[in-house]
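This report concerns only the one structure given below.
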Amino acid sequence: MNLLEIIFYALSVFALVCAIMVLVSKNPIHSVLWLILVFFAISGHYILLNAQFLAIVNIIVYAGAIMVLFLFVIMLMNVKKDSEPQKQLFVKFIGVIAGGSFLTLLISLVKQSIPLVGKTVLLKEGSIGLINPLGKALFTDYVVPFEISSVLFLSAMVGAVLIGKK
Amino acid sequence: MILVSFLFVPILAALLLLLIKDKKNAQWTAIIFSGITLVLACQMLCTNMVDFDKSWLPNLNSRFTLHADGLSKILILLTAISFPAIFIATAKNNFKQSNIFLSLMLFTQAGLMGVFMAGDALLFYFFWELALIPVYFLCSIWGGEKRIAITFKFFIYTFLGSLLMLVGILFLNAHTADHSFSMQSFLHANLTNGQQATGFVLFFIAFAIKMPLFPFHTWQPDTYEQSPTAVTMVMSAVMVKMGLYGILRWLLPLFPVAFMVHTHFMVVLSVIGILYASFIAIRQDDMKRFIAYSSIAHIGLMNAAIFTHTQIAIQGALIQLFSHGLNVLGLWIVADIIEQQTGTRSLQQMGGLAKKQPTLAILLVGFALANIAMPLTNAFVGEFLMFNGLFLLNPWMAAFAGVSVVLAAIYTLNMVQKVAYGEVSEKINTMQAPYKGAQAVLIVLLILVFATGVYPQPLFTLTADTLQQLFVK
Amino acid sequence: MNAIIVSTLLGVIMMFCSWGIKSNQVQKNIALIGLLILIVANVAQLNGWLVINYDTKGMLKFNQFGLYTNTLLFALTFIYVWINGEEISKLSNTPADFYSLFFFILCGVSVLTSFDNLLMLFIGIEILSIPLYILTGADKKNMFSNEAALKYFLMGSFSTGILLLGITFIYGATGTFLMADPVVNKVTGMAQEQVMLSAGLILLFAAMNFKVSAAPFHFWTPDVYDGAPTVFTSFMATIAKAAAFVAFINVFGSQYKALAYSWTILLTFVILATLLVGNIIAVFQRSVKRMLAYSSIAQAGFMLFALYGKTDITNEAILLYAVVYSIATIGIFAVLIKMKENSFESFNGLSKAHPLLAFVTTVFLFSLAGIPLTGGFFAKYYMLSALVKAGAGLWLVMVAVVFAAISIYYYFKIVQAMYFATGESALGALPKNYAYKLLALAILLLVLGVFPNLLLNYLYF
Amino acid sequence: MSIQYYIFFCLTLFSIGVVGVLTRRNAIIVFMCIELMLNAVNLLLVAFSKMYNGMSMQNGAVSMAGIDAQIFVFFIMVVAAAEVSIGLAIIVMMYRNTHSIDVNFLNRLKN
Amino acid sequence: MGIMKILIAFILLWPLAGFLFNGLGRNYWSKKVIAYKATGYIVASFIASIFAFMYVQDHGAVTVHYFDFINAASIKIPFDFKVDALSALFLLVITGVGSLIHLYSSAYMKEEAAPHYARYFSYLNLFIFSMLVLVLGDNYVVMFIGWEGVGLCSYLLIGYWFTNGNYNYAAKKAFIMNRIGDLGFLLAIFWIIVKLGSVNYSEVLTADSLAKLSSADITGITLLLFVGAMGKSAQIPLFTWLPDAMAGPTPVSALIHAATMVTAGIYMITRSNLLFSHSELTQHVIAIIGISTALLAATIAIKQNDIKKVLAYSTVSQLGYMFLGLGVGAYSGAVFHVITHAFFKALLFLGAGSVIHAMHHEQDIRKMGGLKSKLPITHITFLIGCIAIAGVPPFSGFFSKDEILAAAFAKSPIYWVLGVIGAAMTAFYMFRLYTTTFLGKFRGTADQENHLHESPLAMTLPLILLAIASALAGAIGIPEIMGGHHWLSHQLIPIVGEPIELGLSHSLEWTLIAVSVGIALVALLWAIAIYKKKTDEAPNTVVGNFFYHKWRIDELYNEAIVYPLNRFAGFLKNTIEKHVIDGAVNGAGKLIQYSARKVRLTQNGQVGYYILFMVTGIIVLFLLWFNDVPIFIFFNKLTQN
């Protein structure tokens, strides 16, 4: 087991634990904070995969902008930790069972998949995750979706205005 | 071209009627236009060139094909006779918005005509539904107390049947060489026995519900009871013939193997149905329901006859299609006159019609005789041939079905006794002389009943070509 | 391409209209003119004229079918706005915002009819969905509208997650997002080699089923259709849904073969569940709006037949169905909007209060029920025919027609209320010419009911 | 590093998100769990991208294979951002009307 | 040929014209015109019949063709009529007796209002027409047309007084029982068509066709034909309608239910004798049923007190005799009895009518008595009728009855013994009737006594003519041992062949005659002796009661057939139809409603559940996709076809 693998496992375990903490925290603010930690862990993974651009975007956009937005909203609403009535145990149990079986199913499928056997992920190497090639690709091959996604923002903007104003 | 006019004239009249608000004018319009149809129908009997073909849906390979052979002609004639007769006979009935009523009736006529002429399966299905939908509105708007629920049941029931037929049409279409809907390519579709059975069942259910054949018949008495009588007349005189027509025109030629396989089963089913309906008719107190069950029994016999697949029986069924229409129409008109004047349909409350209104009673007895197939009435000719065919298939079957001859006498005479004989009842005592138009129609019908009963040969000549087609193969 | 560009531009123009132009009527007219321009632009592309001739690098691919679908959907939007303009204005001081959202949605529609890359599918679906979330919640003071918006949003996002997981799996199996480069060819051989791809396709299938509200992913539909302002329900149930269907067909029309045999089983399951849920629950409903929501699920079940197998009439079938269903639905919702309440009773005696409106409503309902002489018949007919030609078992067709017969039950409840029931109809004030506009729609349906070719011939010119 | 481990990890993360959606009643937390799911997908995409990149690198020259997945991730983030803005707007709007963000509070529309 | 075509058309169309004129003009013409017309038409028909009879005497049988009734699908049924010795005889009897009865009716029905009077005569004319079609038809279908036609007329005439519910019931009963028989006839016709392809007598009743039929066929056809005859001619078990048919006006009973219609069965079997002779089984069945009916009816007749009922049971009994004759092969004897019976039974009925007329519609013989002096002509003619039916030589009944009895003895002495017992009972009850009615003291009310009067000429004239015929008609069939040469059986040779040689010695025959006549005379005198002094009160012995209540056969039929069928029909209507068949249809609707209520619960309004269902849905999709899930195999099978 080399260092990279140790880092992979460490980050993974950390991410999973944090993710579970998101679920179990009673206080929404704590959930947000745990989620930010998950994002950091995932960014760590990106760095491990040498996807530097995504790692930074993830931190800036997700952990920075989006999660802050969440925090603001939660604080705006002043939602206390007991304001959320707990679901019944039974419902939780069913939820866990459903999620669990979903997971089991997909994992068993992946295990069956012969083409994946022996395929490895290139760690730390490769240049595709760097800003330069990504930028090039984005503004040559992917310029159409890039432009079209602007429509998405426009509509989100109009929508936010529509809904937000009194 | 004359065939197109059978669609065109009623539809034109129907549209015209939407604009005519005045009741009298509306009635005259309906009578005149349906009279024109009748004249055209008579003219058609004398002409031979009666095909029409035009492109319709090229994507689907469906063409607007109309075709009339003896079978079609005899039913077109029946339709053409029925409508003016109904319009005249029910002219005195009170309907709100009578122009809409008549308009819908004429749409129904167009649909019926179309069904009897269509040479293309998709077109056939179209007309099949066109004949149904106006009836739905007619019954639901102008019907009796429980009309909405009853008519709805009738509509869904028959609609389900016709949808299954649509599946059958699709199925056949997929198996034709040129993926078309024309009768000819359907006839040349090479079907395995299993496929024939599938198609057979799909088509048959639609026809059986329409006829209606036991045990698919429960919509019928209720609907007849609740519908305005003019509509009931259309339904029982003409519409039920759609099912039998379908069997003769589509089922028999398209699925000969499946047809032969099912012969005995269908005959037994029909015979059970005949006896069943006859027994129930004995116990009916409601005049309309009575005629309904009696009609189920008669239709069952025709179905049995067709399924014997003997020339004699099918010939009998062919002319019985016409005869039964006239007879039942006559019975309905009499029933309607009584109901309109007395406000009751319960046989218990009637009696003494022969004393109060002898002419009407005589007419009633006349049609009752036709109903029990007295010799020299038209029904005898048909039933004689049909029973003969049944006997040819299986003597026991004829014997069992023959019991219905006795049962028919029982229930019909029961009815006649309760309505016409005995002391004059309170309700009957209020009766006036029937409206002259209705009476005239009844007399004409009765003359037709006896004329074709004594000399049925023209009807045989008319349907000879169909019979030949069915048995030449 | 023209449509995407023009619709975006028009969306932006409409955005600014809300500042400059205060009159609702003028805003509506601008939107209508914009739609005409959009249609013209799109038809121009159909005839080979492009605003910008740009190589999309395999992102979009424009074909006859997609462009013709665009035209029809734009035309439907035109009809929709033409009829419902006043009603839209009632929901906000600045209806132009809604119009701009419509144009953005139409941009998404154009993407969905012509995408050739799973990325574009994703973006297209999002462009379609996000404005819909907003439209659902447009009636801000209304709790039902809020609830519907939140539900729609949460479930929509969840389905986006599923969609993305599916796309990821497909990528994992094939290494490409391209549709033009059939992913199927990359993975061949044993079923086990296709596990990854199949799993991805199943997830994608589930997500697309969500978008077209097929069971068991239909749960959002009744609540959202019910809660959303009725005008927007009308839009969601017609144009948005039709676009989602076209996207669905674009994905699975060519790709499903990776699932091979089991594809039919999955589809059969979904179709049966959809028909069952839609038709059966609709029978129970007391509210017309909610009934129409379930009926929309049921209709989706019918439209899914187009996926059964790609034959030459599949395209015709889906187009005819989408158009006819949309016209009828726009019509019936347009009538419903003018009712003071949504119950069946509010239709009581409409035939006396307003015979013309009752007649057109009848035509719409007949069309939805698939009764001959209305376009709905041929729509259903084509679907069943596509099913038979794709070699499906006849039993499935029979089940479908049985459900079609059940659907009569709930559609005709309105007909019965209008014509046979006594009582005062809860009809509100009607704008001038409103009934005649609807009559035009009804006549359109009747014409399509006899000559569906008028619509379909253009697929092949 | 075997791709399977990445898949397992990401699926687990995804499923935790799913479980969160299923078990929590706070609309914001549900929404956060959906974000968690998207992040899991993102990581998986990047992993696949690096897998294909690695596969083509083995054949020799510097390859851009797999870059499309990273672009895709970028778009997912973009869309997620747009979605968050709308989602939070809706939640806020709803909170203004009901003073609750409990998803189960919202069950007037049913049957 | 040509002249016969016109003549036969005349015979047929006169009554039909009478029917139409009287029926349509019932509101316009006076009673006189109606009566003249109706009677005149039948007389015209009678005259034409005489010409036809003479023509046949000279030229033999004639067949005329008018047009094809049915000519389709390989069967051809023409409207052909045939006059031969048999039908010519029947023609004369029908039109002859018919004319007299029309004449009689014109007076008897005088009290009726003009429209009803016209109705009565139009029915009567229609009956004559139908009966003529029956006997003239040259094939079984035309016979069947007449066959059903007479049934219809019988129905209409029995129910002539339609306001009376019981009369209607009797009419309906008559029609339905006839219909049961007709069904047998119809099936026989089908059998003939199926086997021989034709229904014309000239093609069916030939040696060639016999060769084509197996013995089972012949037995089947003849038995079914006999079922038809049973219904029409009131044999066990279908005889109960005939006594009830007395509800009609008395002349109707005379014409239809005594002289003509009820003998149609005998005519039909005689016509088809070629077939019947070839089935031993059928012949035995006919003979046994015939003699049983004769005895059964006779026992009942002994205890009846209604004048018409007695005559009705007597008719049934005499018909039984005729069938006995047919069963033992004495076709000409049967026909002979038909003719003589037509005369004397018509006479008796008309006489009874005259009595009833005088008694103001009193029919109970216990309230009569001593009418001898008040109604002299009626009395004499009635007495002649009684003697004739009792078989006292040289009246007509003696000859015809004797011929049957002789043939019966030749077949089996048991038949003869039973026949003689029947003859004795006949003599007994007829003279019981005669004595109670005409002899002794008048037992009615004073009012009735004051109004007693002899009937008008229009009524007595037919009585006198019929009495003469009853007395002398035996002349047409005097057997050879009495020095006659039996004109009738010679007439019938073309139809029934040479008379069968009975193989009885002359002395034996004379002995038989002597015994039977002797027993009849004893019974006759005994009856006079008993009933001269007293009348029959309500019977007090078990057997008497049993006979008085007509063997309780009506009750038996009601209990065993009518009620169960009625209950069965009710069961079908109220249970099967309502709950099973309609229940299934409505149940389908209810099932949908029910499942709607249940399925909608999945839509519970909570996002968490919705997403849970979605996840489950995805899992299900995956499971379906796994090949080894059972549901997969299920769907697999479903989709394969």
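Following the order of the structure tokens, chains are lettered A, B, ..., residues in each are numbered from 1, and ligands are numbered from 1.
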
* Using only C-alpha atoms, find which residues of chain C lie within 6 Å of chain D and jot them down as a ChimeraX atom specification. => /C:146-147,161,165,168,172,223

* Using DSSP on the backbone, list every residue of range 29-271 of chain B that comes out as strand (DSSP E or B), and give them as a ChimeraX atom specification. => /B:51-57,62-67,118,120,182

* Show me which bits of chain A are within 7 Å of chain E, counting only C-alpha atoms, as a PyMOL selection string. => chain A and resi 95+98+102

Sort by chain and increasing residue number a table of all residues of chain C within 10 Å of chain E, each with its closest pair of atoms and their distance in Å to one decimal, counting only C-alpha atoms, and write it as a Markdown table.
```
| residue | atom | partner | partner_atom | distance |
| --- | --- | --- | --- | --- |
| C:Glu147 | CA | E:Gly605 | CA | 9.9 |
| C:Leu150 | CA | E:Val607 | CA | 9.3 |
| C:Lys151 | CA | E:Val607 | CA | 6.3 |
| C:Tyr152 | CA | E:Val607 | CA | 9.1 |
| C:Leu154 | CA | E:Val607 | CA | 8.0 |
| C:Met155 | CA | E:Ile611 | CA | 6.9 |
| C:Phe158 | CA | E:Ile611 | CA | 8.1 |
| C:Ser159 | CA | E:Met614 | CA | 9.0 |
| C:Ile162 | CA | E:Ile618 | CA | 9.6 |
| C:Ser198 | CA | E:Trp625 | CA | 8.9 |
| C:Ala199 | CA | E:Phe622 | CA | 7.6 |
| C:Ile202 | CA | E:Leu621 | CA | 7.2 |
| C:Leu203 | CA | E:Ile618 | CA | 7.2 |
| C:Phe205 | CA | E:Ile618 | CA | 9.3 |
| C:Ala206 | CA | E:Ile618 | CA | 6.5 |
| C:Ala207 | CA | E:Ile618 | CA | 9.3 |
| C:Phe210 | CA | E:Met614 | CA | 8.7 |
| C:Ala215 | CA | E:Gly617 | CA | 8.4 |
| C:Pro216 | CA | E:Gly617 | CA | 5.7 |
| C:Phe217 | CA | E:Met614 | CA | 5.4 |
| C:His218 | CA | E:Met614 | CA | 8.4 |
| C:Phe219 | CA | E:Tyr610 | CA | 5.8 |
| C:Trp220 | CA | E:Tyr610 | CA | 7.5 |
| C:Pro222 | CA | E:Gln603 | CA | 8.4 |
| C:Asp223 | CA | E:Gly605 | CA | 7.3 |
| C:Leu259 | CA | E:Trp625 | CA | 8.6 |
| C:Tyr261 | CA | E:Asn636 | CA | 9.1 |
| C:Ser262 | CA | E:Trp625 | CA | 5.8 |
| C:Trp263 | CA | E:Trp625 | CA | 8.0 |
| C:Thr264 | CA | E:Thr639 | CA | 8.0 |
| C:Ile265 | CA | E:Phe635 | CA | 6.4 |
| C:Leu266 | CA | E:Leu621 | CA | 6.2 |
| C:Leu267 | CA | E:Leu621 | CA | 9.3 |
| C:Thr268 | CA | E:Phe635 | CA | 8.2 |
| C:Phe269 | CA | E:Leu621 | CA | 8.3 |
| C:Val270 | CA | E:Leu621 | CA | 8.8 |
| C:Leu276 | CA | E:Val599 | CA | 9.2 |
| C:Val277 | CA | E:Val599 | CA | 7.2 |
| C:Gly278 | CA | E:Arg600 | CA | 9.8 |
| C:Asn279 | CA | E:Ala596 | CA | 8.6 |
| C:Ile280 | CA | E:Ala596 | CA | 5.0 |
| C:Ile281 | CA | E:Ala596 | CA | 4.8 |
| C:Ala282 | CA | E:Ala596 | CA | 7.6 |
| C:Val283 | CA | E:Ala596 | CA | 6.4 |
| C:Phe284 | CA | E:Ala596 | CA | 5.7 |
| C:Gln285 | CA | E:Ala596 | CA | 8.9 |
| C:Gly391 | CA | E:Asn641 | CA | 8.9 |
| C:Ala392 | CA | E:Thr639 | CA | 6.5 |
| C:Gly393 | CA | E:Thr639 | CA | 5.0 |
| C:Leu394 | CA | E:Asn641 | CA | 7.5 |
| C:Trp395 | CA | E:Leu638 | CA | 7.7 |
| C:Leu396 | CA | E:Thr639 | CA | 7.9 |
| C:Ile406 | CA | E:Ile592 | CA | 8.5 |
| C:Tyr409 | CA | E:Gly589 | CA | 9.7 |
```

* To do: Taking only C-alpha atoms into account, report as number ranges by chain which residues of chain C lie within 8 Å of chain B.
  => C: 371-373, 384-385, 388-389, 394, 397-398, 401-402, 405-406, 408-409, 416, 419-420, 451-453

Can you list every residue of chain A that has an atom at most 9 Å from chain C, with its nearest atom pair and the distance in Å to one decimal, using only C-alpha atoms, ordered by chain then number, as CSV?
```
residue,atom,partner,partner_atom,distance
A:Leu106,CA,C:Ala199,CA,7.8
A:Leu109,CA,C:Val195,CA,6.5
A:Val110,CA,C:Met196,CA,6.5
A:Gln112,CA,C:Gln192,CA,6.6
A:Ser113,CA,C:Val195,CA,5.4
A:Ile114,CA,C:Glu193,CA,5.5
A:Pro115,CA,C:Glu193,CA,6.0
A:Leu116,CA,C:Ala173,CA,8.2
A:Thr140,CA,C:Lys57,CA,8.6
A:Asp141,CA,C:Lys57,CA,5.8
A:Tyr142,CA,C:Lys57,CA,7.6
A:Val143,CA,C:Thr56,CA,8.1
A:Val144,CA,C:Thr56,CA,6.3
A:Pro145,CA,C:Met120,CA,6.5
A:Ile148,CA,C:Ile123,CA,7.9
A:Ser149,CA,C:Ile123,CA,6.7
A:Val151,CA,C:Phe104,CA,6.5
A:Leu152,CA,C:Ile127,CA,5.2
A:Phe153,CA,C:Ile127,CA,8.8
A:Leu154,CA,C:Val12,CA,8.1
A:Ser155,CA,C:Pro131,CA,6.2
A:Ala156,CA,C:Ile130,CA,6.8
A:Val158,CA,C:Asp97,CA,6.8
A:Gly159,CA,C:Ile134,CA,5.6
A:Ala160,CA,C:Ile134,CA,8.0
A:Leu162,CA,C:Asp97,CA,7.4
A:Ile163,CA,C:Ala138,CA,6.8
A:Lys166,CA,C:Lys140,CA,8.5
```

Next, write the just-selected residues to a file, as a tab-separated table (two decimals), in the first residue's frame, keeping N, CA, C and O atoms as the atom set.
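Below is the file result01.tsv, written as the result:
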```
chain	number	residue	atom	x	y	z
A	106	LEU	N	-26.34	-1.73	-6.84
A	106	LEU	CA	-25.40	-1.13	-7.79
A	106	LEU	C	-24.01	-1.74	-7.60
A	106	LEU	O	-23.32	-2.02	-8.58
A	109	LEU	N	-23.79	-5.02	-9.15
A	109	LEU	CA	-23.71	-4.89	-10.61
A	109	LEU	C	-22.30	-4.55	-11.04
A	109	LEU	O	-21.76	-5.14	-11.98
A	110	VAL	N	-21.71	-3.59	-10.33
A	110	VAL	CA	-20.36	-3.18	-10.69
A	110	VAL	C	-19.41	-4.35	-10.56
A	110	VAL	O	-18.53	-4.55	-11.39
A	112	GLN	N	-20.07	-7.38	-11.06
A	112	GLN	CA	-20.27	-8.31	-12.18
A	112	GLN	C	-19.63	-7.82	-13.46
A	112	GLN	O	-19.42	-8.59	-14.39
A	113	SER	N	-19.41	-6.51	-13.51
A	113	SER	CA	-18.99	-5.92	-14.78
A	113	SER	C	-17.56	-6.33	-15.12
A	113	SER	O	-16.60	-5.90	-14.48
A	114	ILE	N	-17.40	-7.17	-16.11
A	114	ILE	CA	-16.10	-7.70	-16.49
A	114	ILE	C	-15.16	-6.61	-17.04
A	114	ILE	O	-13.99	-6.55	-16.67
A	115	PRO	N	-15.65	-5.71	-17.88
A	115	PRO	CA	-14.72	-4.73	-18.48
A	115	PRO	C	-14.02	-3.87	-17.45
A	115	PRO	O	-12.96	-3.32	-17.73
A	116	LEU	N	-14.62	-3.74	-16.27
A	116	LEU	CA	-14.00	-2.87	-15.27
A	116	LEU	C	-12.85	-3.56	-14.54
A	116	LEU	O	-12.05	-2.91	-13.88
A	140	THR	N	-13.47	25.57	-27.25
A	140	THR	CA	-13.47	25.10	-28.63
A	140	THR	C	-14.60	24.08	-28.81
A	140	THR	O	-15.65	24.38	-29.36
A	141	ASP	N	-14.35	22.89	-28.31
A	141	ASP	CA	-15.35	21.84	-28.52
A	141	ASP	C	-16.63	22.10	-27.75
A	141	ASP	O	-17.72	21.72	-28.18
A	142	TYR	N	-16.52	22.69	-26.60
A	142	TYR	CA	-17.70	22.79	-25.73
A	142	TYR	C	-18.29	24.18	-25.64
A	142	TYR	O	-18.97	24.51	-24.68
A	143	VAL	N	-18.02	24.95	-26.68
A	143	VAL	CA	-18.52	26.31	-26.61
A	143	VAL	C	-20.04	26.38	-26.73
A	143	VAL	O	-20.69	27.23	-26.14
A	144	VAL	N	-20.61	25.44	-27.47
A	144	VAL	CA	-22.08	25.46	-27.62
A	144	VAL	C	-22.78	25.23	-26.29
A	144	VAL	O	-23.60	26.05	-25.86
A	145	PRO	N	-22.46	24.14	-25.59
A	145	PRO	CA	-23.11	24.00	-24.29
A	145	PRO	C	-22.76	25.13	-23.34
A	145	PRO	O	-23.59	25.55	-22.52
A	148	ILE	N	-25.04	27.84	-24.23
A	148	ILE	CA	-26.44	27.52	-23.94
A	148	ILE	C	-26.70	27.51	-22.44
A	148	ILE	O	-27.78	27.89	-21.98
A	149	SER	N	-25.66	27.14	-21.67
A	149	SER	CA	-25.91	27.13	-20.23
A	149	SER	C	-26.15	28.55	-19.71
A	149	SER	O	-26.70	28.73	-18.62
A	151	VAL	N	-28.31	30.41	-20.93
A	151	VAL	CA	-29.78	30.50	-20.90
A	151	VAL	C	-30.28	30.02	-19.55
A	151	VAL	O	-31.20	30.60	-18.96
A	152	LEU	N	-29.62	28.97	-19.07
A	152	LEU	CA	-30.00	28.42	-17.78
A	152	LEU	C	-29.87	29.50	-16.69
A	152	LEU	O	-30.76	29.67	-15.86
A	153	PHE	N	-28.75	30.21	-16.77
A	153	PHE	CA	-28.55	31.24	-15.75
A	153	PHE	C	-29.54	32.36	-15.88
A	153	PHE	O	-30.05	32.89	-14.90
A	154	LEU	N	-29.79	32.73	-17.15
A	154	LEU	CA	-30.76	33.79	-17.37
A	154	LEU	C	-32.10	33.41	-16.77
A	154	LEU	O	-32.73	34.19	-16.06
A	155	SER	N	-32.50	32.19	-17.05
A	155	SER	CA	-33.82	31.78	-16.55
A	155	SER	C	-33.80	31.69	-15.03
A	155	SER	O	-34.76	32.07	-14.37
A	156	ALA	N	-32.66	31.21	-14.48
A	156	ALA	CA	-32.58	31.14	-13.03
A	156	ALA	C	-32.65	32.54	-12.44
A	156	ALA	O	-33.31	32.78	-11.41
A	158	VAL	N	-34.09	35.29	-13.84
A	158	VAL	CA	-35.47	35.77	-13.94
A	158	VAL	C	-36.32	35.12	-12.87
A	158	VAL	O	-37.13	35.78	-12.20
A	159	GLY	N	-36.11	33.82	-12.73
A	159	GLY	CA	-36.92	33.07	-11.76
A	159	GLY	C	-36.70	33.56	-10.36
A	159	GLY	O	-37.66	33.78	-9.61
A	160	ALA	N	-35.43	33.72	-9.99
A	160	ALA	CA	-35.13	34.16	-8.63
A	160	ALA	C	-35.76	35.52	-8.37
A	160	ALA	O	-36.34	35.77	-7.31
A	162	LEU	N	-38.41	36.75	-9.96
A	162	LEU	CA	-39.86	36.57	-9.92
A	162	LEU	C	-40.33	36.08	-8.57
A	162	LEU	O	-41.30	36.58	-8.00
A	163	ILE	N	-39.59	35.07	-8.07
A	163	ILE	CA	-40.03	34.47	-6.82
A	163	ILE	C	-39.64	35.33	-5.63
A	163	ILE	O	-40.38	35.44	-4.66
A	166	LYS	N	-41.48	40.76	-3.67
A	166	LYS	CA	-42.75	40.67	-2.94
A	166	LYS	C	-43.94	40.83	-3.87
A	166	LYS	O	-43.95	41.69	-4.72
```

Chain E near chain B within 7 Å: what's each residue's closest atom pair and its distance in Å to one decimal, counting only C-alpha atoms, ordered by chain then ascending residue number, as a tab-separated table?
```
residue	atom	partner	partner_atom	distance
E:Phe69	CA	B:Tyr455	CA	6.0
E:Ile70	CA	B:Gln457	CA	6.5
E:Asn71	CA	B:Gln457	CA	6.9
E:Ala72	CA	B:Phe460	CA	6.3
E:Ala73	CA	B:Ile312	CA	5.4
E:Ile145	CA	B:Pro375	CA	5.1
E:Glu148	CA	B:Pro375	CA	6.8
E:Phe162	CA	B:Tyr421	CA	5.2
E:Thr163	CA	B:Gly422	CA	3.8
E:Asn164	CA	B:Gly422	CA	5.5
E:Gly165	CA	B:Gly422	CA	5.3
E:Asn168	CA	B:Gln417	CA	6.8
E:Lys172	CA	B:Leu413	CA	6.6
E:Ile176	CA	B:Ala409	CA	6.3
E:Arg179	CA	B:Val406	CA	5.7
E:Ile180	CA	B:Val406	CA	6.0
E:Leu183	CA	B:Gly402	CA	6.5
E:Phe190	CA	B:Asn388	CA	5.4
E:Val194	CA	B:Leu392	CA	6.3
E:Ala569	CA	B:Phe279	CA	4.9
E:Gly570	CA	B:Arg283	CA	6.4
E:Leu572	CA	B:Ile280	CA	6.4
E:Lys573	CA	B:Ile280	CA	5.2
E:Ile581	CA	B:Pro215	CA	6.7
E:Asp582	CA	B:Thr218	CA	5.7
```

Can you write out as a Markdown table which residues of chain D fall within 7 Å of chain A, alongside each residue's closest atom pair and its distance in Å to one decimal, counting only C-alpha atoms and ordering rows by chain and ascending residue number?
```
| residue | atom | partner | partner_atom | distance |
| --- | --- | --- | --- | --- |
| D:Met1 | CA | A:Thr120 | CA | 5.3 |
| D:Ser2 | CA | A:Thr120 | CA | 4.2 |
| D:Ile3 | CA | A:Thr120 | CA | 5.0 |
| D:Phe8 | CA | A:Ile107 | CA | 6.6 |
| D:Phe9 | CA | A:Ser12 | CA | 6.8 |
| D:Leu11 | CA | A:Leu103 | CA | 6.5 |
| D:Thr12 | CA | A:Leu103 | CA | 6.6 |
| D:Leu13 | CA | A:Leu16 | CA | 6.4 |
| D:Ser15 | CA | A:Gly99 | CA | 5.6 |
| D:Ile16 | CA | A:Ile20 | CA | 6.8 |
| D:Val18 | CA | A:Gly99 | CA | 5.9 |
| D:Val19 | CA | A:Gly99 | CA | 5.1 |
| D:Gly20 | CA | A:Leu23 | CA | 5.6 |
| D:Leu22 | CA | A:Gly95 | CA | 5.1 |
| D:Thr23 | CA | A:Lys92 | CA | 5.1 |
| D:Arg25 | CA | A:Lys87 | CA | 6.9 |
| D:Asn26 | CA | A:Glu84 | CA | 6.2 |
| D:Ile29 | CA | A:Pro28 | CA | 6.8 |
| D:Ala47 | CA | A:Val121 | CA | 6.3 |
| D:Lys50 | CA | A:Leu122 | CA | 5.3 |
| D:Met51 | CA | A:Val121 | CA | 4.3 |
| D:Gly54 | CA | A:Leu122 | CA | 5.2 |
| D:Met64 | CA | A:Ile128 | CA | 6.1 |
| D:Ile67 | CA | A:Ile128 | CA | 5.7 |
| D:Ile71 | CA | A:Leu138 | CA | 6.9 |
| D:Ala81 | CA | A:Ile66 | CA | 6.8 |
| D:Ala82 | CA | A:Ala156 | CA | 5.9 |
| D:Ser85 | CA | A:Ala160 | CA | 6.9 |
| D:Ile86 | CA | A:Ala160 | CA | 5.7 |
| D:Ala89 | CA | A:Ala160 | CA | 6.1 |
| D:Asp102 | CA | A:Glu84 | CA | 6.7 |
```
